Amino acid sequence: MLFGIAWSCSQEEFIEKGQGIVKGRVVESQTFTPIANARVASSPSTSTVFTDSSGYYTVTQVNEGDYSFEARKDGYIAKFEAVHVNTGGTTEMVFELVKQQQANLPPTVPVLTTPTDNALDQSLEVTLKWTCTDPEEDPITYKVTLRNDTNNNVVTYDAITTTSFTLTNLNYSTKYYWQVTANDGINTDVNSLTSSFRTLMFPNARYLFVRKAGDNNVIFTADDSGNELQITSDATNSFRPRKNTQANKIAFIRTTGGQGHIYTMRPDGSSEFKVTSNVPVAGFNLDYYNYCWRANGSQLIYSNFDKLYRINADGSGLIQLYQTPNGKFISECDWSYDGNLIALKVNDLSGYNVEIYVIDMSGNVVANVLSGVNGAAGGLHLSVNNTKLVFTRDVSGYQSSDYRQLDNRIFMYDFTTNAITEVAVQRPAGYNDLDVRFSPNEAELIFVSTSNDGVSPRTITKYTMGTSNSRTTLFSNGVMPDWK
């Protein structure tokens with residue numbers, strides 16, 4: 001009887017202290033074999049105990065509250081369990097510990113080996129190679145992610161089981177970026193660093209032109225067979241390409257922050273360089289703007305409203321060559337092959353009241369080609385021997401705020417006779433011929449043809465002079481052509 005009373009008093013005292021018991025077992029996760037001498041502790045701290053030979057443990061006198069209990073034993077991955085201890089209660093927890101050697105490790109980071117980073121002149125079929133291993137020799141599957149520098153397209157190749165993959169049908173003159181992802185089917189993906197390579201230069205690229213890609217203009221190059229290649233990115237507004245064969249570079253205009261500047265690049269679109277800086281290109285409308293190389297590729301001339309500038313191709317040596325005497329804007333210029341003459345087209349701020357004339361390098365006017373006419377005009381290009389100047393003019397004389405043209409035709413000015421003659425290029429009625437240029441041998445003309453409705457697509461067209469029925473479409477949906 002006395003024993004019973006003593007037990008009751010002890011139990012009441014335990015409850016009054018607001019404590020409980022935590023007990024349980026620690027076993028191996030796969031076989032549930034008991035783990036002896038495993039350490040069991042908690043946060044906040046209570047008593048630290050160790051399991052017996054059968055894996056059991058008991059923690060007494062644990063104050064009521066929330067705890068995080070940990071079971072730990074060398075050779076196993078420690079495990080935590082959250083628990084709430086109630087006054088007078090017994091909470092049971094079983095810890096299943098994973099042997100450390102059973103924790104599966106992910107594959108190593110793939111190392112890209114072939115082609116080497118920034119490799120040049122790769123063929124249009126490239127075999128990618130990399131190295132990668134798995135610590136447990138788990139089977140690895142790979143994914144190759146590929147993108148290029150001209151558009152936002154991302155291509156992925158999945159379920160690759162070897163450490164190589166061959167890409168086919170790549171584009172010429174294009175920089176590609178590639179990455180490999182490894183997965184062992186157990187762990188999360190492991191990604192390589194990104195590597196790049198550039199393919200061979202586009203062969204026999206004689207033509208340049210511009211197309212719209214979304215809101216931006218992009219530059220294309222093409223060969224005599226009609227094969228085309230985009231060489232500037234969709235992400236930039238790049239237009240009015242002009243190639244210089246001696247420098248083996250293409251100049252072009254790019255607009256950023258509301259300003260237009262002249263850049264240069266290699267014929268494959270690489271090695272872009274900004275030429276102008278303090279004085280941007282500017283005119284009444286950059287869609288109808290033109291600048292020019294010096295024949296040897298050392299310099300360029302361009303205008304900023306009523307002023308004409310010359311700048312070295314490396315961006316140095318900017319000087320003002322000329323200023324119009326009447327404040328008219330210089331919208332187009334062309335520099336003769338011998339470097340002695342410059343043809344100019346000037347107009348008012350609406351693009352009209354056009355004058356076309358030729359100056360020498362001292363700014364003296366040596367030929368008055370066109371003045372006193374209504375309507376638009378442009379597309380200046382001097383022949384290599386300075387005997388002819390080709391240009392276009394809207395003979396309708398129509399003038400409007402949106403610069404729409406109704407009857408734009410091609411004309412030739414003869415420096416010997418000072419005569420202007422229309423070039424009969426079998427232009428369909430209701431069409432405009434714009435942006436005319438001589439072919440490299442000057443036996444043909446290249447220009448833009450489009451309906452005068454102002455909304456129809458434009459095509460790059462070729463005409464062989466002195467022939468009939470030789471008007472040929474070269475490239476659809478294109479503007480601002482060049483042919484070298």
# chains A, B, ... in the order shown; residues from 1 in each chain; ligands from 1

call {"tool": "closest_atom_pairs", "arguments": {"of": "range 258-286 of chain A", "to": "range 222-231 of chain A", "cutoff": "9 Å", "atoms": "only C-alpha atoms", "output": "Markdown table"}}
result
| residue | atom | partner | partner_atom | distance |
| --- | --- | --- | --- | --- |
| A:Pro267 | CA | A:Ile231 | CA | 8.2 |
| A:Asp268 | CA | A:Ile231 | CA | 6.2 |
| A:Gly269 | CA | A:Ile231 | CA | 4.8 |
| A:Ser270 | CA | A:Ile231 | CA | 8.2 |

call {"tool": "closest_atom_pairs", "arguments": {"of": "range 327-440 of chain A", "to": "range 458-472 of chain A", "cutoff": "9 Å", "atoms": "only C-alpha atoms", "output": "Markdown table"}}
result
| residue | atom | partner | partner_atom | distance |
| --- | --- | --- | --- | --- |
| A:Val423 | CA | A:Met465 | CA | 8.0 |
| A:Ala424 | CA | A:Met465 | CA | 8.4 |
| A:Val425 | CA | A:Tyr463 | CA | 6.4 |
| A:Gln426 | CA | A:Arg471 | CA | 6.7 |
| A:Arg427 | CA | A:Arg471 | CA | 8.2 |
| A:Asp433 | CA | A:Thr461 | CA | 8.9 |
| A:Ser439 | CA | A:Lys462 | CA | 8.8 |

call {"tool": "closest_residue", "arguments": {"among": "A:Pro106, A:Gly88, A:Gly379, A:Pro280", "to": "Asp482 in chain A", "atoms": "only C-alpha atoms"}}
result
A:Gly379

call {"tool": "select_by_dssp", "arguments": {"residues": "range 74-322 of chain A", "states": "helix (DSSP H, G or I)", "output": "CSV table (one decimal) with N, CA and C atoms, in the first residue's frame"}}
result
chain,number,residue,atom,x,y,z
A,100,GLN,N,25.9,5.9,-46.1
A,100,GLN,CA,26.5,7.0,-46.9
A,100,GLN,C,26.9,6.5,-48.3
A,101,GLN,N,27.3,5.3,-48.5
A,101,GLN,CA,27.7,4.8,-49.8
A,101,GLN,C,26.4,4.5,-50.6
A,102,GLN,N,25.3,4.5,-50.0
A,102,GLN,CA,24.0,4.3,-50.8
A,102,GLN,C,23.5,5.7,-51.4
A,286,LEU,N,15.7,58.1,-92.4
A,286,LEU,CA,16.8,57.2,-92.7
A,286,LEU,C,16.5,56.0,-93.6
A,287,ASP,N,15.2,55.8,-93.9
A,287,ASP,CA,14.8,54.8,-94.9
A,287,ASP,C,15.3,55.2,-96.3
A,288,TYR,N,15.5,56.5,-96.5
A,288,TYR,CA,15.9,57.1,-97.8
A,288,TYR,C,17.3,57.7,-97.7

call {"tool": "residues_around", "arguments": {"residues": "Gly283 in chain A", "least_positions_apart": "6", "cutoff": "7 Å", "atoms": "only C-alpha atoms", "output": "PyMOL selection string"}}
result
chain A and resi 289+304-305+329-331

call {"tool": "closest_atom_pairs", "arguments": {"of": "range 192-281 of chain A", "to": "range 130-139 of chain A", "cutoff": "12 Å", "atoms": "only C-alpha atoms", "output": "tab-separated table"}}
result
residue	atom	partner	partner_atom	distance
A:Ser192	CA	A:Trp130	CA	9.4
A:Leu193	CA	A:Trp130	CA	11.2
A:Thr194	CA	A:Trp130	CA	11.8
A:Ser195	CA	A:Trp130	CA	11.0

call {"tool": "residues_around", "arguments": {"residues": "Ile140 in chain A", "least_positions_apart": "2", "cutoff": "8 Å", "atoms": "only C-alpha atoms", "output": "list in words"}}
result
Pro107, Asp134, Asp138, Tyr142, Thr161, Ala182, Asn183, Asp184 and Gly185 of chain A

call {"tool": "closest_residue", "arguments": {"among": "A:Asn104, A:Gln179, A:Phe32, A:Asn477", "to": "Thr156 in chain A", "atoms": "only C-alpha atoms"}}
result
A:Gln179

call {"tool": "atom_distance", "arguments": {"atom1": "CA of Gln246 in chain A", "atom2": "CA of Val279 in chain A"}}
result
25.7 Å

call {"tool": "residues_around", "arguments": {"residues": "range 399-405 of chain A", "least_positions_apart": "5", "cutoff": "9 Å", "atoms": "only C-alpha atoms", "output": "list in words"}}
result
Ser350, Gly351, Tyr352, Asn374, Gly375, Ala376, Asp394, Asn432, Asn452, Asp453 and Gly454 of chain A

call {"tool": "write_last_selection", "arguments": {"atoms": "N, CA and C atoms", "output": "PDB file, in the first residue's frame"}}
result
ATOM      1  N   SER A 350      10.979  67.715 -95.636  1.00  0.00           N
ATOM      2  CA  SER A 350       9.931  66.772 -96.028  1.00  0.00           C
ATOM      3  C   SER A 350      10.395  65.791 -97.090  1.00  0.00           C
ATOM      4  N   GLY A 351      11.618  65.957 -97.570  1.00  0.00           N
ATOM      5  CA  GLY A 351      12.154  65.082 -98.608  1.00  0.00           C
ATOM      6  C   GLY A 351      11.969  65.596-100.015  1.00  0.00           C
ATOM      7  N   TYR A 352      11.384  66.785-100.169  1.00  0.00           N
ATOM      8  CA  TYR A 352      11.105  67.325-101.496  1.00  0.00           C
ATOM      9  C   TYR A 352      11.996  68.537-101.798  1.00  0.00           C
ATOM     10  N   ASN A 374       9.185  68.782-108.905  1.00  0.00           N
ATOM     11  CA  ASN A 374       8.419  68.291-107.773  1.00  0.00           C
ATOM     12  C   ASN A 374       8.588  66.783-107.645  1.00  0.00           C
ATOM     13  N   GLY A 375       8.279  66.267-106.462  1.00  0.00           N
ATOM     14  CA  GLY A 375       8.329  64.823-106.253  1.00  0.00           C
ATOM     15  C   GLY A 375       9.643  64.345-105.677  1.00  0.00           C
ATOM     16  N   ALA A 376       9.674  63.039-105.372  1.00  0.00           N
ATOM     17  CA  ALA A 376      10.845  62.417-104.752  1.00  0.00           C
ATOM     18  C   ALA A 376      11.878  62.053-105.806  1.00  0.00           C
ATOM     19  N   ASP A 394      10.421  60.388-109.193  1.00  0.00           N
ATOM     20  CA  ASP A 394       8.979  60.218-109.338  1.00  0.00           C
ATOM     21  C   ASP A 394       8.468  61.274-110.323  1.00  0.00           C
ATOM     22  N   ASN A 432       6.759  51.334-108.854  1.00  0.00           N
ATOM     23  CA  ASN A 432       7.899  52.212-108.622  1.00  0.00           C
ATOM     24  C   ASN A 432       9.191  51.414-108.680  1.00  0.00           C
ATOM     25  N   ASN A 452       2.920  50.942-106.430  1.00  0.00           N
ATOM     26  CA  ASN A 452       2.854  52.298-105.864  1.00  0.00           C
ATOM     27  C   ASN A 452       1.752  52.463-104.822  1.00  0.00           C
ATOM     28  N   ASP A 453       1.142  51.332-104.409  1.00  0.00           N
ATOM     29  CA  ASP A 453       0.093  51.440-103.392  1.00  0.00           C
ATOM     30  C   ASP A 453       0.662  51.701-101.996  1.00  0.00           C
ATOM     31  N   GLY A 454       1.977  51.567-101.858  1.00  0.00           N
ATOM     32  CA  GLY A 454       2.628  51.882-100.600  1.00  0.00           C
ATOM     33  C   GLY A 454       2.585  50.796 -99.552  1.00  0.00           C
TER      34      GLY A 454
END

call {"tool": "atom_distance", "arguments": {"atom1": "CA of Ile359 in chain A", "atom2": "CA of Gln323 in chain A"}}
result
11.3 Å

call {"tool": "closest_residue", "arguments": {"among": "A:Lys328, A:Arg393, A:Arg198, A:Arg242", "to": "Tyr176 in chain A", "atoms": "only C-alpha atoms"}}
result
A:Arg198

call {"tool": "select_by_dssp", "arguments": {"residues": "range 200-248 of chain A", "states": "strand (DSSP E or B)", "output": "number ranges by chain"}}
result
A: 207-213, 216-222, 228-230, 237-244

call {"tool": "residues_around", "arguments": {"residues": "Gly55 in chain A", "least_positions_apart": "3", "cutoff": "7 Å", "atoms": "only C-alpha atoms", "output": "PDB file with C-alpha atoms, in the first residue's frame"}}
result
ATOM      1  CA  ARG A  25      14.286   2.994 -32.659  1.00  0.00           C
ATOM      2  CA  VAL A  26      17.077   3.651 -35.188  1.00  0.00           C
ATOM      3  CA  VAL A  27      17.322   1.193 -38.104  1.00  0.00           C
ATOM      4  CA  PRO A  34      18.845  -2.166 -35.830  1.00  0.00           C
ATOM      5  CA  ILE A  35      21.664   0.329 -35.510  1.00  0.00           C
ATOM      6  CA  ALA A  36      23.337   0.162 -32.102  1.00  0.00           C
ATOM      7  CA  THR A  51      20.680   3.365 -28.880  1.00  0.00           C
ATOM      8  CA  ASP A  52      21.059  -0.072 -27.315  1.00  0.00           C
TER       9      ASP A  52
END

call {"tool": "closest_residue", "arguments": {"among": "A:Thr150, A:Ser238, A:Ser43, A:Thr163", "to": "Thr113 in chain A", "atoms": "only C-alpha atoms"}}
result
A:Thr163

call {"tool": "residues_around", "arguments": {"residues": "Thr116 in chain A", "least_positions_apart": "2", "cutoff": "9 Å", "atoms": "only C-alpha atoms", "output": "list of chain:residue names"}}
result
A:Leu112, A:Thr113, A:Thr114, A:Asn118, A:Ala119, A:Ser195, A:Ser196, A:Phe197

call {"tool": "write_last_selection", "arguments": {"atoms": "C-alpha atoms", "output": "JSON list (two decimals), in the first residue's frame"}}
result
[["chain", "number", "residue", "atom", "x", "y", "z"],
["A", 112, "LEU", "CA", 33.05, 20.25, -74.00],
["A", 113, "THR", "CA", 36.08, 19.24, -76.06],
["A", 114, "THR", "CA", 35.26, 19.45, -79.77],
["A", 118, "ASN", "CA", 35.50, 30.03, -80.35],
["A", 119, "ALA", "CA", 36.66, 27.74, -83.17],
["A", 195, "SER", "CA", 30.97, 26.87, -75.86],
["A", 196, "SER", "CA", 30.82, 28.43, -79.32],
["A", 197, "PHE", "CA", 32.04, 27.98, -82.88]]

call {"tool": "closest_residue", "arguments": {"among": "A:Thr264, A:Ser451, A:Thr58, A:Asn364", "to": "Val94 in chain A", "atoms": "only C-alpha atoms"}}
result
A:Thr58

call {"tool": "decode", "arguments": {"residues": "range 211-248 of chain A", "atoms": "N, CA and C atoms", "output": "compact mmCIF listing (two decimals), in the first residue's frame"}}
result
# COMPACT_ATOMS: atom_id res chain seq x y z
N ARG A 211 15.76 42.93 -94.93
CA ARG A 211 14.38 42.50 -94.72
C ARG A 211 13.96 42.88 -93.30
N LYS A 212 12.66 42.93 -93.11
CA LYS A 212 12.11 43.16 -91.79
C LYS A 212 12.03 41.83 -91.03
N ALA A 213 12.39 41.88 -89.74
CA ALA A 213 12.19 40.75 -88.84
C ALA A 213 11.55 41.31 -87.58
N GLY A 214 10.25 41.20 -87.48
CA GLY A 214 9.54 41.86 -86.38
C GLY A 214 9.59 43.36 -86.58
N ASP A 215 10.05 44.06 -85.57
CA ASP A 215 10.15 45.52 -85.66
C ASP A 215 11.49 46.00 -86.21
N ASN A 216 12.42 45.08 -86.43
CA ASN A 216 13.77 45.48 -86.83
C ASN A 216 14.07 45.13 -88.27
N ASN A 217 15.00 45.90 -88.86
CA ASN A 217 15.59 45.54 -90.14
C ASN A 217 16.77 44.61 -89.89
N VAL A 218 16.93 43.62 -90.73
CA VAL A 218 18.09 42.74 -90.64
C VAL A 218 18.73 42.62 -92.02
N ILE A 219 20.03 42.36 -92.04
CA ILE A 219 20.80 42.34 -93.29
C ILE A 219 21.02 40.89 -93.72
N PHE A 220 20.82 40.66 -95.01
CA PHE A 220 21.05 39.35 -95.61
C PHE A 220 22.14 39.47 -96.67
N THR A 221 22.84 38.38 -96.86
CA THR A 221 23.76 38.25 -97.99
C THR A 221 23.27 37.09 -98.85
N ALA A 222 23.63 37.09 -100.13
CA ALA A 222 23.12 36.06 -101.04
C ALA A 222 24.10 35.85 -102.19
N ASP A 223 24.00 34.69 -102.84
CA ASP A 223 24.86 34.39 -103.98
C ASP A 223 24.05 34.43 -105.27
N ASP A 224 24.74 34.15 -106.38
CA ASP A 224 24.09 34.21 -107.69
C ASP A 224 23.01 33.15 -107.87
N SER A 225 23.06 32.10 -107.06
CA SER A 225 22.06 31.03 -107.17
C SER A 225 20.82 31.30 -106.34
N GLY A 226 20.82 32.41 -105.63
CA GLY A 226 19.67 32.76 -104.82
C GLY A 226 19.71 32.25 -103.40
N ASN A 227 20.82 31.62 -103.00
CA ASN A 227 20.96 31.19 -101.61
C ASN A 227 21.15 32.41 -100.72
N GLU A 228 20.45 32.45 -99.61
CA GLU A 228 20.44 33.61 -98.73
C GLU A 228 20.94 33.24 -97.34
N LEU A 229 21.47 34.25 -96.63
CA LEU A 229 21.92 34.06 -95.27
C LEU A 229 21.77 35.35 -94.49
N GLN A 230 21.11 35.28 -93.35
CA GLN A 230 20.97 36.43 -92.46
C GLN A 230 22.28 36.64 -91.71
N ILE A 231 22.82 37.88 -91.71
CA ILE A 231 24.12 38.12 -91.08
C ILE A 231 24.07 39.15 -89.95
N THR A 232 22.92 39.75 -89.68
CA THR A 232 22.78 40.55 -88.47
C THR A 232 21.60 40.03 -87.66
N SER A 233 21.62 40.33 -86.39
CA SER A 233 20.66 39.74 -85.46
C SER A 233 19.29 40.38 -85.55
N ASP A 234 18.27 39.56 -85.28
CA ASP A 234 16.90 40.06 -85.16
C ASP A 234 16.77 41.10 -84.05
N ALA A 235 17.67 41.05 -83.08
CA ALA A 235 17.55 41.89 -81.89
C ALA A 235 18.02 43.33 -82.13
N THR A 236 18.62 43.60 -83.28
CA THR A 236 19.10 44.96 -83.58
C THR A 236 18.49 45.46 -84.88
N ASN A 237 18.39 46.77 -85.02
CA ASN A 237 17.86 47.39 -86.23
C ASN A 237 19.04 47.81 -87.11
N SER A 238 19.37 46.97 -88.09
CA SER A 238 20.56 47.17 -88.93
C SER A 238 20.13 47.22 -90.39
N PHE A 239 20.65 48.19 -91.15
CA PHE A 239 20.17 48.37 -92.52
C PHE A 239 21.20 49.13 -93.35
N ARG A 240 20.86 49.35 -94.62
CA ARG A 240 21.68 50.05 -95.62
C ARG A 240 23.11 49.48 -95.68
N PRO A 241 23.25 48.18 -96.04
CA PRO A 241 24.59 47.60 -96.14
C PRO A 241 25.33 48.10 -97.38
N ARG A 242 26.62 48.36 -97.20
CA ARG A 242 27.48 48.76 -98.31
C ARG A 242 28.81 48.01 -98.18
N LYS A 243 29.10 47.16 -99.16
CA LYS A 243 30.31 46.35 -99.10
C LYS A 243 31.47 47.04 -99.79
N ASN A 244 32.67 46.91 -99.20
CA ASN A 244 33.90 47.37 -99.82
C ASN A 244 34.79 46.16 -100.03
N THR A 245 35.04 45.82 -101.29
CA THR A 245 35.78 44.60 -101.59
C THR A 245 37.25 44.70 -101.21
N GLN A 246 37.85 45.90 -101.33
CA GLN A 246 39.26 46.02 -100.98
C GLN A 246 39.49 45.86 -99.48
N ALA A 247 38.61 46.40 -98.69
CA ALA A 247 38.72 46.23 -97.24
C ALA A 247 38.11 44.91 -96.77
N ASN A 248 37.34 44.26 -97.63
CA ASN A 248 36.61 43.03 -97.30
C ASN A 248 35.74 43.24 -96.06
